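Below: coords17.txt (compact mmCIF, C-alpha atoms)
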# COMPACT_ATOMS: atom_id res chain seq x y z
CA MET A 1 -7.69 -4.23 37.13
CA LYS A 2 -7.58 -1.52 34.43
CA LYS A 3 -10.49 -0.92 32.03
CA ILE A 4 -9.97 -0.03 28.34
CA MET A 5 -12.82 1.12 26.09
CA TYR A 6 -13.12 1.18 22.29
CA PHE A 7 -15.79 2.84 20.09
CA PRO A 8 -15.01 1.62 16.55
CA TYR A 9 -17.14 1.92 13.44
CA GLY A 10 -16.69 0.39 9.99
CA GLY A 11 -14.55 -2.50 8.78
CA GLY A 12 -10.96 -1.27 9.03
CA HIS A 13 -11.42 0.34 12.45
CA GLY A 14 -13.27 -2.70 13.75
CA ASN A 15 -10.48 -5.01 12.63
CA ILE A 16 -7.85 -2.97 14.48
CA VAL A 17 -9.93 -3.36 17.65
CA ARG A 18 -10.44 -7.08 16.94
CA CYS A 19 -6.70 -7.67 16.82
CA LEU A 20 -6.03 -5.55 19.91
CA TYR A 21 -8.79 -7.20 21.91
CA LYS A 22 -7.58 -10.71 21.12
CA GLY A 23 -3.95 -9.80 21.71
CA LEU A 24 -4.54 -8.07 25.05
CA ILE A 25 -6.65 -10.93 26.44
CA SER A 26 -3.31 -12.40 27.55
CA LYS A 27 -2.99 -9.51 30.03
CA PRO A 28 -5.18 -10.62 32.99
CA GLU A 29 -4.96 -7.20 34.65
CA LEU A 30 -6.90 -5.61 31.76
CA GLU A 31 -10.66 -5.40 31.27
CA GLN A 32 -11.72 -4.52 27.72
CA LYS A 33 -15.07 -3.15 26.59
CA ILE A 34 -16.14 -2.49 23.01
CA ILE A 35 -19.05 -0.28 21.95
CA ALA A 36 -19.65 -1.23 18.31
CA LEU A 37 -20.86 1.55 16.01
CA THR A 38 -22.56 1.19 12.59
CA VAL A 39 -21.43 -2.08 10.92
CA SER A 40 -18.42 -2.93 13.10
CA TRP A 41 -20.56 -5.30 15.22
CA ARG A 42 -20.38 -7.87 12.41
CA ILE A 43 -16.61 -8.21 12.87
CA PHE A 44 -17.02 -8.91 16.58
CA ASP A 45 -19.91 -11.32 16.01
CA ASP A 46 -17.86 -13.27 13.48
CA ASN A 47 -14.93 -13.52 15.90
CA ASN A 48 -16.90 -14.31 19.09
CA ILE A 49 -15.83 -11.05 20.73
CA PRO A 50 -18.30 -9.49 23.22
CA TYR A 51 -19.44 -5.93 22.55
CA GLY A 52 -22.04 -3.39 23.55
CA ARG A 53 -24.11 -0.84 21.65
CA LEU A 54 -25.04 2.79 22.15
CA SER A 55 -28.59 1.69 22.94
CA ASP A 56 -27.24 -0.06 26.05
CA TYR A 57 -26.94 3.42 27.59
CA ARG A 58 -30.55 4.49 27.17
CA ASP A 59 -30.85 4.81 30.97
CA VAL A 60 -27.55 6.67 31.23
CA ILE A 61 -27.79 9.25 28.45
CA LYS A 62 -29.92 12.29 29.19
CA ASP A 63 -32.68 13.11 26.66
CA TRP A 64 -32.55 9.56 25.24
CA ASP A 65 -36.13 9.69 23.93
CA LYS A 66 -35.41 12.98 22.16
CA ILE A 67 -32.22 11.54 20.67
CA ILE A 68 -34.05 8.52 19.25
CA GLU A 69 -36.79 10.76 17.84
CA ILE A 70 -34.13 12.83 16.05
CA GLY A 71 -32.40 9.69 14.80
CA GLN A 72 -35.61 8.21 13.40
CA LYS A 73 -36.33 11.42 11.48
CA LEU A 74 -32.86 11.38 9.95
CA ALA A 75 -33.08 7.67 9.17
CA LYS A 76 -36.21 8.23 7.08
CA ASN A 77 -34.02 9.92 4.48
CA ILE A 78 -31.54 7.01 4.33
CA GLU A 79 -32.08 3.89 2.28
CA PHE A 80 -31.14 0.91 4.47
CA ARG A 81 -29.76 -1.42 1.82
CA ASN A 82 -26.87 -2.62 3.95
CA PRO A 83 -28.06 -5.69 5.90
CA ASP A 84 -25.32 -5.13 8.49
CA LEU A 85 -26.84 -1.82 9.58
CA GLN A 86 -29.10 -2.38 12.59
CA TYR A 87 -31.95 0.14 12.39
CA GLU A 88 -32.34 0.84 16.12
CA ASP A 89 -28.64 1.34 16.72
CA TYR A 90 -28.20 3.42 13.60
CA CYS A 91 -31.04 5.69 14.76
CA ALA A 92 -29.17 6.06 18.07
CA TYR A 93 -25.93 6.82 16.22
CA LEU A 94 -27.58 9.47 14.02
CA GLY A 95 -29.62 10.91 16.85
CA ILE A 96 -26.67 11.28 19.21
CA GLY A 97 -24.59 12.96 16.52
CA TYR A 98 -27.29 15.44 15.52
CA TYR A 99 -28.42 16.07 19.10
CA CYS A 100 -24.89 17.14 20.05
CA LEU A 101 -24.66 19.24 16.90
CA ILE A 102 -27.77 21.15 18.00
CA ASP A 103 -26.42 21.45 21.54
CA GLU A 104 -23.19 23.00 20.29
CA TYR A 105 -24.40 25.21 17.42
CA GLY A 106 -28.17 25.66 17.76
CA GLU A 107 -30.83 24.21 15.46
CA GLU A 108 -30.34 26.49 12.46
CA GLU A 109 -26.56 26.15 12.26
CA ALA A 110 -26.76 22.40 13.03
CA GLU A 111 -29.10 21.85 10.09
CA LYS A 112 -26.80 23.85 7.82
CA LYS A 113 -23.75 21.83 8.86
CA TYR A 114 -25.57 18.52 8.40
CA VAL A 115 -26.77 19.50 4.93
CA GLU A 116 -23.25 20.51 3.93
CA MET A 117 -21.27 17.72 5.60
CA GLY A 118 -23.64 14.87 6.47
CA ARG A 119 -22.31 12.58 9.21
CA ARG A 120 -18.88 14.19 8.91
CA ALA A 121 -20.34 17.06 10.93
CA PHE A 122 -20.89 14.80 13.96
CA CYS A 123 -18.66 15.04 17.02
CA PRO A 124 -20.92 14.00 19.94
CA VAL A 125 -18.65 14.97 22.83
CA LYS A 126 -21.49 15.70 25.27
CA VAL A 127 -23.08 12.23 25.06
CA ILE A 128 -19.79 10.33 24.92
CA LYS A 129 -18.71 12.19 28.05
CA GLU A 130 -21.84 10.91 29.82
CA ILE A 131 -20.98 7.35 28.81
CA LEU A 132 -17.36 7.67 29.96
CA GLN A 133 -18.44 9.18 33.27
CA TYR A 134 -20.67 6.15 33.79
CA GLU A 135 -18.10 3.53 32.66
CA LYS A 136 -15.05 5.17 34.29
CA PRO A 137 -12.44 3.59 31.95
CA ASP A 138 -8.74 3.91 32.74
CA ALA A 139 -7.95 4.48 29.05
CA VAL A 140 -9.71 4.77 25.71
CA ILE A 141 -8.30 3.56 22.41
CA ILE A 142 -9.33 5.30 19.19
CA THR A 143 -8.51 4.30 15.63
CA CYS A 144 -9.23 7.54 13.77
CA GLY A 145 -9.78 11.25 14.35
CA VAL A 146 -13.28 11.80 12.99
CA ARG A 147 -16.89 11.72 14.19
CA THR A 148 -17.57 9.60 17.28
CA GLU A 149 -13.98 8.45 17.74
CA LYS A 150 -12.80 12.06 17.70
CA ALA A 151 -15.49 12.82 20.28
CA VAL A 152 -14.23 9.93 22.44
CA GLY A 153 -10.77 11.47 22.47
CA ILE A 154 -12.02 14.97 23.31
CA ALA A 155 -14.39 13.73 26.02
CA ALA A 156 -11.62 11.60 27.55
CA ASN A 157 -9.32 14.65 27.61
CA LYS A 158 -11.97 16.60 29.50
CA LEU A 159 -12.17 13.77 32.04
CA ARG A 160 -8.38 13.32 32.20
CA ILE A 161 -8.61 9.77 30.84
CA PRO A 162 -5.54 8.71 28.78
CA VAL A 163 -6.17 8.37 25.03
CA ILE A 164 -4.21 6.03 22.73
CA ARG A 165 -4.63 6.52 18.98
CA ILE A 166 -3.81 3.62 16.63
CA ALA A 167 -3.10 5.09 13.19
CA ASP A 168 -4.18 2.70 10.46
CA LEU A 169 -2.03 4.14 7.65
CA PRO A 170 1.32 5.91 7.31
CA LYS A 171 -0.56 9.13 6.55
CA PHE A 172 -3.61 9.95 8.66
CA GLU A 173 -5.87 12.77 9.81
CA PRO A 174 -5.25 14.67 13.07
CA SER A 175 -6.64 12.97 16.17
CA GLY A 176 -8.41 16.11 17.39
CA CYS A 177 -7.27 15.46 20.96
CA GLU A 178 -4.25 15.03 23.20
CA CYS A 179 -3.14 11.43 22.89
CA TYR A 180 -0.40 8.89 22.52
CA THR A 181 -0.14 8.07 18.81
CA CYS A 182 0.87 4.55 17.74
CA VAL A 183 2.14 4.32 14.16
CA MET A 184 3.24 1.52 11.87
CA ASN A 185 6.82 2.61 11.03
CA GLU A 186 9.38 5.42 11.11
CA TYR A 187 7.89 7.08 8.03
CA ALA A 188 4.55 7.41 9.82
CA LYS A 189 6.27 8.77 12.92
CA GLU A 190 7.98 11.46 10.87
CA TYR A 191 4.62 12.31 9.26
CA ALA A 192 2.93 12.63 12.66
CA ILE A 193 5.65 14.93 13.98
CA SER A 194 6.46 17.01 10.90
CA ILE A 195 3.05 17.33 9.25
CA LEU A 196 0.55 16.89 12.07
CA LYS A 197 2.84 18.66 14.58
CA GLU A 198 2.35 16.00 17.24
CA LYS A 199 4.67 16.04 20.24
CA PRO A 200 7.61 13.68 19.55
CA LYS A 201 7.43 12.20 23.06
CA ASN A 202 3.84 11.08 22.41
CA VAL A 203 4.47 9.29 19.08
CA TYR A 204 5.41 5.58 19.26
CA VAL A 205 6.43 3.22 16.47
CA THR A 206 4.41 0.17 17.52
CA GLY A 207 3.26 -1.30 14.23
CA GLN A 208 -0.37 -1.63 13.15
CA PRO A 209 -2.02 -4.77 14.61
CA VAL A 210 -4.04 -5.82 11.55
CA PHE A 211 -0.93 -5.89 9.38
CA GLU A 212 0.85 -8.24 11.79
CA ASP A 213 -2.23 -10.46 12.11
CA ASN A 214 -2.29 -10.94 8.34
CA TYR A 215 0.82 -13.14 8.51
CA ILE A 216 -0.97 -15.70 10.70
CA LEU A 217 -2.93 -18.17 8.59
CA ASP A 218 -5.00 -21.17 9.54
CA ASN A 219 -3.99 -23.88 7.07
CA GLU A 220 -7.48 -25.44 7.03
CA ILE A 221 -9.16 -22.10 6.28
CA ASN A 222 -6.56 -21.31 3.63
CA LEU A 223 -7.14 -24.65 1.93
CA ARG A 224 -10.91 -24.11 2.05
CA VAL A 225 -10.54 -20.67 0.46
CA ARG A 226 -8.34 -22.06 -2.30
CA ASN A 227 -10.85 -24.86 -2.98
CA GLU A 228 -13.87 -22.54 -2.92
CA LEU A 229 -12.24 -20.21 -5.41
CA ASP A 230 -10.87 -23.16 -7.40
CA LEU A 231 -7.52 -21.37 -7.53
CA ASP A 232 -5.62 -24.33 -8.97
CA LYS A 233 -7.49 -23.76 -12.24
CA TYR A 234 -6.00 -20.30 -12.68
CA ASP A 235 -2.55 -18.86 -13.28
CA LYS A 236 -3.21 -15.61 -11.42
CA LEU A 237 -5.58 -14.21 -8.78
CA ILE A 238 -6.34 -10.48 -9.05
CA VAL A 239 -8.33 -8.86 -6.23
CA TYR A 240 -10.17 -5.55 -6.68
CA LEU A 241 -10.66 -3.99 -3.23
CA GLU A 242 -13.79 -1.91 -3.60
CA GLN A 243 -14.81 1.01 -1.40
CA PRO A 244 -18.20 2.53 -0.53
CA GLY A 245 -19.39 5.79 -2.06
CA LEU A 246 -17.23 5.72 -5.20
CA ASN A 247 -18.97 6.49 -8.49
CA GLU A 248 -16.16 4.83 -10.41
CA ILE A 249 -16.82 1.25 -9.25
CA ASN A 250 -19.12 0.14 -12.07
CA ASN A 251 -16.79 1.60 -14.69
CA VAL A 252 -13.77 -0.13 -13.16
CA GLU A 253 -15.69 -3.40 -12.92
CA ASN A 254 -16.71 -3.12 -16.58
CA GLU A 255 -13.11 -2.56 -17.61
CA MET A 256 -12.02 -5.58 -15.54
CA ILE A 257 -14.78 -7.70 -17.10
CA LYS A 258 -13.34 -6.82 -20.49
CA ILE A 259 -9.79 -7.70 -19.32
CA ALA A 260 -11.00 -10.92 -17.66
CA LYS A 261 -12.64 -12.15 -20.87
CA GLU A 262 -9.34 -11.56 -22.67
CA ASN A 263 -7.46 -13.53 -19.98
CA PRO A 264 -9.49 -16.62 -19.03
CA LYS A 265 -6.62 -18.09 -16.96
CA TRP A 266 -6.77 -15.16 -14.53
CA LEU A 267 -9.35 -15.14 -11.72
CA PHE A 268 -10.75 -11.73 -10.78
CA VAL A 269 -12.34 -11.25 -7.34
CA PHE A 270 -14.32 -8.07 -6.68
CA LYS A 271 -14.05 -7.79 -2.88
CA GLN A 272 -16.82 -5.51 -1.65
CA HIS A 273 -16.47 -3.32 1.44
CA PRO A 274 -18.83 -4.06 4.39
CA ASN A 275 -20.42 -0.59 3.97
CA GLN A 276 -21.00 -0.98 0.26
CA THR A 277 -24.56 -1.00 -1.04
CA ASN A 278 -24.24 -1.62 -4.79
CA ALA A 279 -25.37 -5.02 -6.01
CA PHE A 280 -23.03 -7.96 -6.63
CA ARG A 281 -21.94 -8.54 -10.21
CA ASN A 282 -21.73 -12.32 -10.48
CA ASN A 283 -22.37 -14.49 -13.54
CA VAL A 284 -20.83 -11.98 -15.98
CA SER A 285 -17.83 -14.21 -16.71
CA LYS A 286 -16.63 -17.60 -15.45
CA ASN A 287 -13.40 -16.09 -14.12
CA ILE A 288 -15.02 -13.26 -12.13
CA ILE A 289 -16.40 -13.59 -8.59
CA SER A 290 -17.94 -10.84 -6.43
CA LEU A 291 -17.66 -11.37 -2.66
CA ARG A 292 -18.71 -9.33 0.36
CA LYS A 293 -18.31 -11.33 3.57
CA TYR A 294 -15.09 -13.20 3.01
CA PRO A 295 -11.80 -13.51 4.95
CA LEU A 296 -9.78 -10.71 3.41
CA LYS A 297 -6.37 -11.78 4.65
CA TYR A 298 -6.72 -15.15 2.89
CA LEU A 299 -7.58 -13.40 -0.38
CA LEU A 300 -4.57 -11.11 0.00
CA ASN A 301 -2.18 -13.92 0.93
CA ASN A 302 -3.23 -15.91 -2.15
CA CYS A 303 -3.49 -13.08 -4.65
CA ASP A 304 -0.89 -12.14 -7.27
CA LEU A 305 -2.06 -8.52 -7.55
CA ALA A 306 -4.34 -6.15 -5.64
CA ILE A 307 -6.16 -3.12 -7.07
CA THR A 308 -7.83 -0.31 -5.12
CA ARG A 309 -8.16 3.43 -4.90
CA HIS A 310 -6.94 4.11 -1.36
CA SER A 311 -8.36 1.32 0.81
CA THR A 312 -6.30 0.33 3.85
CA ALA A 313 -6.42 -3.17 2.41
CA GLY A 314 -4.13 -1.94 -0.36
CA LEU A 315 -1.41 -1.36 2.19
CA GLU A 316 -2.14 -4.76 3.72
CA ALA A 317 -1.40 -6.27 0.31
CA VAL A 318 1.88 -4.35 0.01
CA LEU A 319 3.01 -5.53 3.44
CA LEU A 320 2.39 -9.11 2.28
CA ASP A 321 4.73 -8.32 -0.64
CA LYS A 322 1.92 -8.26 -3.20
CA PRO A 323 2.02 -5.90 -6.21
CA LEU A 324 -0.53 -3.07 -5.93
CA ILE A 325 -2.27 -0.87 -8.48
CA ASN A 326 -3.87 2.28 -7.07
CA LEU A 327 -6.55 4.05 -9.06
CA GLY A 328 -6.34 7.83 -9.26
CA LEU A 329 -9.79 8.26 -10.78
CA ILE A 330 -12.85 10.39 -10.14
CA GLU A 331 -15.97 10.61 -12.26
CA THR A 332 -16.76 13.99 -13.81
CA SER A 333 -19.54 14.01 -16.44
CA ASN A 334 -18.52 11.31 -18.94
CA GLU A 335 -14.82 10.96 -18.19
CA PHE A 336 -12.35 10.16 -15.44
CA ILE A 337 -9.60 12.49 -14.24
CA ALA A 338 -6.81 12.01 -11.73
CA VAL A 339 -7.55 12.76 -8.11
CA GLU A 340 -5.23 12.87 -5.12
CA ASN A 341 -6.37 11.17 -1.95
CA PHE A 342 -4.25 8.58 -0.21
CA ASP A 343 -1.80 7.91 -3.00
CA TYR A 344 0.22 4.73 -2.46
CA SER A 345 2.33 5.55 -5.51
CA SER A 346 3.77 8.55 -3.64
CA PHE A 347 5.65 5.99 -1.49
CA GLY A 348 6.88 4.12 -4.55
CA ILE A 349 4.94 1.00 -3.56
CA SER A 350 2.20 0.95 -6.20
CA TYR A 351 1.57 1.45 -9.90
CA LYS A 352 -0.79 4.41 -10.35
CA VAL A 353 -3.48 4.32 -13.03
CA THR A 354 -5.25 7.57 -13.93
CA LYS A 355 -7.02 6.38 -17.10
CA LEU A 356 -9.03 3.19 -17.24
CA GLU A 357 -7.71 2.34 -20.70
CA ASP A 358 -4.27 1.98 -19.08
CA LEU A 359 -5.44 -0.63 -16.55
CA SER A 360 -4.68 -3.66 -18.73
CA THR A 361 -1.11 -2.48 -19.33
CA ALA A 362 -0.66 -1.83 -15.61
CA ILE A 363 -1.87 -5.32 -14.71
CA ASN A 364 0.49 -6.97 -17.20
CA THR A 365 3.39 -4.83 -15.98
CA CYS A 366 2.84 -5.72 -12.32
CA LEU A 367 2.50 -9.43 -13.08
CA ASP A 368 5.76 -9.53 -15.05
CA ASN A 369 8.51 -10.29 -12.51
CA ASN A 370 11.19 -9.32 -15.06
CA ASN A 371 9.74 -5.90 -15.80
CA GLU A 372 11.88 -3.02 -14.51
CA ILE A 373 8.88 -1.27 -12.97
CA ALA A 374 7.75 -4.44 -11.18
CA ILE A 375 11.29 -5.03 -9.87
CA LYS A 376 11.49 -1.45 -8.53
CA LEU A 377 8.10 -1.73 -6.85
CA LYS A 378 9.14 -4.99 -5.18
CA TYR A 379 12.33 -3.38 -3.86
CA ASN A 380 10.34 -0.45 -2.43
CA ARG A 381 7.94 -2.85 -0.74
CA THR A 382 10.84 -4.36 1.19
CA LEU A 383 11.64 -0.90 2.62
CA PHE A 384 8.10 -0.20 3.77
CA LYS A 385 7.70 -2.50 6.76
CA ASN A 386 5.32 -2.67 9.70
CA ALA A 387 7.07 -2.71 13.10
CA PRO A 388 6.99 -6.20 14.75
CA TYR A 389 5.61 -7.26 18.17
CA VAL A 390 2.67 -4.88 17.84
CA ILE A 391 0.53 -6.01 20.77
CA ASP A 392 3.42 -5.90 23.24
CA ASN A 393 4.42 -2.49 21.94
CA ILE A 394 0.91 -1.05 22.37
CA TYR A 395 0.66 -2.61 25.81
CA GLN A 396 3.83 -0.74 26.75
CA VAL A 397 2.25 2.50 25.52
CA LEU A 398 -0.70 1.83 27.83
CA LEU A 399 1.68 1.37 30.74
CA ASP A 400 3.44 4.63 29.86
CA ALA A 401 0.10 6.44 29.68
CA TRP A 402 -0.86 5.22 33.13
CA ASN A 403 2.53 5.94 34.63
CA CYS A 404 3.16 9.32 33.05
CA GLY A 405 -0.02 10.71 31.55
CA ILE A 406 0.21 12.69 28.30
CA ARG A 407 3.65 14.22 28.22
CA GLY A 408 4.15 17.82 27.10
Rewrite the structure from the file as structure tokens, please.
Amino acid sequence: MKKIMYFPYGGGHGNIVRCLYKGLISKPELEQKIIALTVSWRIFDDNNIPYGRLSDYRDVIKDWDKIIEIGQKLAKNIEFRNPDLQYEDYCAYLGIGYYCLIDEYGEEEAEKKYVEMGRRAFCPVKVIKEILQYEKPDAVIITCGVRTEKAVGIAANKLRIPVIRIADLPKFEPSGCECYTCVMNEYAKEYAISILKEKPKNVYVTGQPVFEDNYILDNEINLRVRNELDLDKYDKLIVYLEQPGLNEINNVENEMIKIAKENPKWLFVFKQHPNQTNAFRNNVSKNIISLRKYPLKYLLNNCDLAITRHSTAGLEAVLLDKPLINLGLIETSNEFIAVENFDYSSFGISYKVTKLEDLSTAINTCLDNNNEIAIKLKYNRTLFKNAPYVIDNIYQVLLDAWNCGIRG
């Protein structure tokens, strides 16, 4: 029996783990354990997947009382508007991060880093190492290279535990540790080797599990979604994939409200992110709905167009052959200017909008199957595929890690 551990946080990372966990259940020689951070627990609750929390290790982690005291002090400065954030576990998450920051840099420098970077400064290697020493996993799987997941990779390296990184997008941040990197396609492999300078022998084209899972629909759920949204009343479904922490959201919503009122046969769904805290905007128009907890893959499979800034869900839409608009906007004083982040248009798979007044034109262009731009975007989408048989591929990477270790 081999034990695998995951430490995901947030929606996208949690969904990668959800798909892996369910897929690898078919391997009886594997034991899987999830430690859910921040709001990821909701994904596992909704899918009847067992998980643990950081607070489960109160008798394992040294200085636990001090860690919780630190976390409670930090939490006082945070407004808990997100109902999915559990106060006790969030205090543990904050406390562990800041405690390790003090341990590494001293109190004065730790405070400075936290003021400048917030939670991005966290990399709690010391505490995660204590947890891994207690659990003794045979491998850890990480889904990003920041904060606690980065710390998991570093701590596992110190303990000579194999690390497998599942990259969620074709471009991604460095893992911060020695690991096997699983990517969605050949483009992502080239990016990992050429840009991130990862060792070619440690980069595998496996596909990304969430993208493959999106093709599998339950007909009863799909019918329920269509009935709930009353989709047969409308000619088009347009989904705006919102993201937390963006100042532009209200402005984009207001522009879409204006467009929706001009196009009553189009249904607009504002799909909120699990970490989002701004209020819903329902009852502003009959053809606008704001949703938070809703099965995303059913929205994407039924939509005619998706709009986002750089959410992973935008790529999910593209892989389902849905037109995508990506917003290159950032708020500065009273206007918006273009900003580069994860730019889907750089792959030729999305229509980029840098001025809100151009959004209506972009929507009409993407919905017109005879438009030259729409035809070109559709062709590019066919070239940008996710590798098939993802679970089996990742399982093979696990076997390689156990047989060979990280190869130089």
Counting only C-alpha atoms, the residue among A:Asn326, A:Asn386, A:Thr143, A:Asn227 that lies closest to Glu212 in chain A is A:Asn386
For Lys236 in chain A, work out the shell of residues within 9 Å, counting all atoms listed in the file and skipping chain neighbours fewer than 6 positions away, then give it as a VMD selection string. chain A and resid 265 to 268 303 to 305 367
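Rounded to one decimal, CA of Gly145 in chain A and CA of Phe172 in chain A lie 8.5 Å from each other.
For the residues A:Lys355, A:Lys2, A:Lys233, A:Arg160, ranking by smallest atom-to-atom distance to Gln133 in chain A using all atoms listed in the file places A:Arg160 first.
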For Ile325 in chain A, find every residue with an atom within 8 Å (counting only C-alpha atoms), except residues of its own chain fewer than 6 positions away, and show them as a tab-separated table (two decimals) with C-alpha atoms, in the frame of the given file.
chain	number	residue	atom	x	y	z
A	305	LEU	CA	-2.06	-8.52	-7.55
A	306	ALA	CA	-4.34	-6.15	-5.64
A	307	ILE	CA	-6.16	-3.12	-7.07
A	308	THR	CA	-7.83	-0.31	-5.12
A	350	SER	CA	2.20	0.95	-6.20
A	351	TYR	CA	1.57	1.45	-9.90
A	352	LYS	CA	-0.79	4.41	-10.35
A	353	VAL	CA	-3.48	4.32	-13.03
A	362	ALA	CA	-0.66	-1.83	-15.61
A	363	ILE	CA	-1.87	-5.32	-14.71
For CA of Ile96 in chain A and CA of Glu69 in chain A, the interatomic separation in Å (one decimal): 10.2 Å
Find the spatial neighbours of Tyr114 in chain A, counting all atoms listed in the file, within a cut-off of 12 Å - ignore same-chain residues fewer than 5 positions away - and output them as a PyMOL selection string. chain A and resi 74+94+97-102+105+107-109+119-123
Write the residues of the selection above to a file with C-alpha atoms, as a short mmCIF file (atom, residue, chain, number, x, y, z; two decimals), in the frame of the given file.
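After the write, part-v1.cif holds the following:
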data_model
loop_
_atom_site.label_atom_id
_atom_site.label_comp_id
_atom_site.auth_asym_id
_atom_site.auth_seq_id
_atom_site.Cartn_x
_atom_site.Cartn_y
_atom_site.Cartn_z
CA LEU A 74 -32.86 11.38 9.95
CA LEU A 94 -27.58 9.47 14.02
CA GLY A 97 -24.59 12.96 16.52
CA TYR A 98 -27.29 15.44 15.52
CA TYR A 99 -28.42 16.07 19.10
CA CYS A 100 -24.89 17.14 20.05
CA LEU A 101 -24.66 19.24 16.90
CA ILE A 102 -27.77 21.15 18.00
CA TYR A 105 -24.40 25.21 17.42
CA GLU A 107 -30.83 24.21 15.46
CA GLU A 108 -30.34 26.49 12.46
CA GLU A 109 -26.56 26.15 12.26
CA ARG A 119 -22.31 12.58 9.21
CA ARG A 120 -18.88 14.19 8.91
CA ALA A 121 -20.34 17.06 10.93
CA PHE A 122 -20.89 14.80 13.96
CA CYS A 123 -18.66 15.04 17.02
#
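Residue nearest Leu383 in chain A, chosen from A:Asp235, A:Glu253, A:Asp321, A:Glu248 and counting only C-alpha atoms: A:Asp321.
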CA of Asn222 in chain A to CA of Leu300 in chain A measures 11.0 Å
So that each row is one residue of range 13-101 of chain A with an atom at most 7 Å from range 193-211 of chain A, can you give its shortest atom pair and the distance in Å to one decimal, using only C-alpha atoms, rows by chain and rising number, as JSON lines?
{"residue": "A:Asn15", "atom": "CA", "partner": "A:Val210", "partner_atom": "CA", "distance": 6.6}
{"residue": "A:Ile16", "atom": "CA", "partner": "A:Val210", "partner_atom": "CA", "distance": 5.6}
{"residue": "A:Cys19", "atom": "CA", "partner": "A:Pro209", "partner_atom": "CA", "distance": 5.9}
{"residue": "A:Leu20", "atom": "CA", "partner": "A:Pro209", "partner_atom": "CA", "distance": 6.7}
Got a moment to write range 25-40 of chain A out with N, CA and C atoms, as a PDB file, in the first residue's frame?
ATOM      1  N   ILE A  25      -9.073   6.054  -7.152  1.00  0.00           N
ATOM      2  CA  ILE A  25      -9.748   5.090  -6.272  1.00  0.00           C
ATOM      3  C   ILE A  25      -9.715   3.692  -6.892  1.00  0.00           C
ATOM      4  N   SER A  26      -9.654   3.628  -8.206  1.00  0.00           N
ATOM      5  CA  SER A  26      -9.648   2.332  -8.898  1.00  0.00           C
ATOM      6  C   SER A  26      -8.339   1.575  -8.691  1.00  0.00           C
ATOM      7  N   LYS A  27      -7.345   2.233  -8.090  1.00  0.00           N
ATOM      8  CA  LYS A  27      -6.060   1.584  -7.825  1.00  0.00           C
ATOM      9  C   LYS A  27      -6.040   1.145  -6.355  1.00  0.00           C
ATOM     10  N   PRO A  28      -6.344  -0.133  -6.061  1.00  0.00           N
ATOM     11  CA  PRO A  28      -6.498  -0.571  -4.664  1.00  0.00           C
ATOM     12  C   PRO A  28      -5.209  -0.506  -3.851  1.00  0.00           C
ATOM     13  N   GLU A  29      -4.065  -0.410  -4.527  1.00  0.00           N
ATOM     14  CA  GLU A  29      -2.795  -0.364  -3.805  1.00  0.00           C
ATOM     15  C   GLU A  29      -2.459   1.043  -3.312  1.00  0.00           C
ATOM     16  N   LEU A  30      -3.343   2.023  -3.601  1.00  0.00           N
ATOM     17  CA  LEU A  30      -3.091   3.402  -3.203  1.00  0.00           C
ATOM     18  C   LEU A  30      -3.993   3.827  -2.051  1.00  0.00           C
ATOM     19  N   GLU A  31      -3.411   4.514  -1.083  1.00  0.00           N
ATOM     20  CA  GLU A  31      -4.170   5.209  -0.037  1.00  0.00           C
ATOM     21  C   GLU A  31      -4.010   6.699  -0.299  1.00  0.00           C
ATOM     22  N   GLN A  32      -5.136   7.427  -0.294  1.00  0.00           N
ATOM     23  CA  GLN A  32      -5.088   8.860  -0.575  1.00  0.00           C
ATOM     24  C   GLN A  32      -5.575   9.657   0.640  1.00  0.00           C
ATOM     25  N   LYS A  33      -4.894  10.744   0.926  1.00  0.00           N
ATOM     26  CA  LYS A  33      -5.299  11.596   2.048  1.00  0.00           C
ATOM     27  C   LYS A  33      -5.229  13.060   1.625  1.00  0.00           C
ATOM     28  N   ILE A  34      -6.324  13.766   1.860  1.00  0.00           N
ATOM     29  CA  ILE A  34      -6.429  15.177   1.490  1.00  0.00           C
ATOM     30  C   ILE A  34      -6.464  16.031   2.753  1.00  0.00           C
ATOM     31  N   ILE A  35      -5.644  17.072   2.796  1.00  0.00           N
ATOM     32  CA  ILE A  35      -5.741  18.098   3.829  1.00  0.00           C
ATOM     33  C   ILE A  35      -6.257  19.358   3.134  1.00  0.00           C
ATOM     34  N   ALA A  36      -7.517  19.685   3.377  1.00  0.00           N
ATOM     35  CA  ALA A  36      -8.168  20.789   2.671  1.00  0.00           C
ATOM     36  C   ALA A  36      -7.827  22.124   3.322  1.00  0.00           C
ATOM     37  N   LEU A  37      -7.323  23.061   2.531  1.00  0.00           N
ATOM     38  CA  LEU A  37      -6.978  24.397   3.006  1.00  0.00           C
ATOM     39  C   LEU A  37      -8.007  25.408   2.510  1.00  0.00           C
ATOM     40  N   THR A  38      -8.185  26.473   3.260  1.00  0.00           N
ATOM     41  CA  THR A  38      -9.118  27.572   2.975  1.00  0.00           C
ATOM     42  C   THR A  38     -10.475  27.021   2.536  1.00  0.00           C
ATOM     43  N   VAL A  39     -10.937  27.344   1.305  1.00  0.00           N
ATOM     44  CA  VAL A  39     -12.310  26.982   0.927  1.00  0.00           C
ATOM     45  C   VAL A  39     -12.403  25.674   0.148  1.00  0.00           C
ATOM     46  N   SER A  40     -11.287  24.974  -0.051  1.00  0.00           N
ATOM     47  CA  SER A  40     -11.338  23.765  -0.879  1.00  0.00           C
ATOM     48  C   SER A  40     -12.191  22.660  -0.254  1.00  0.00           C
TER      49      SER A  40
END
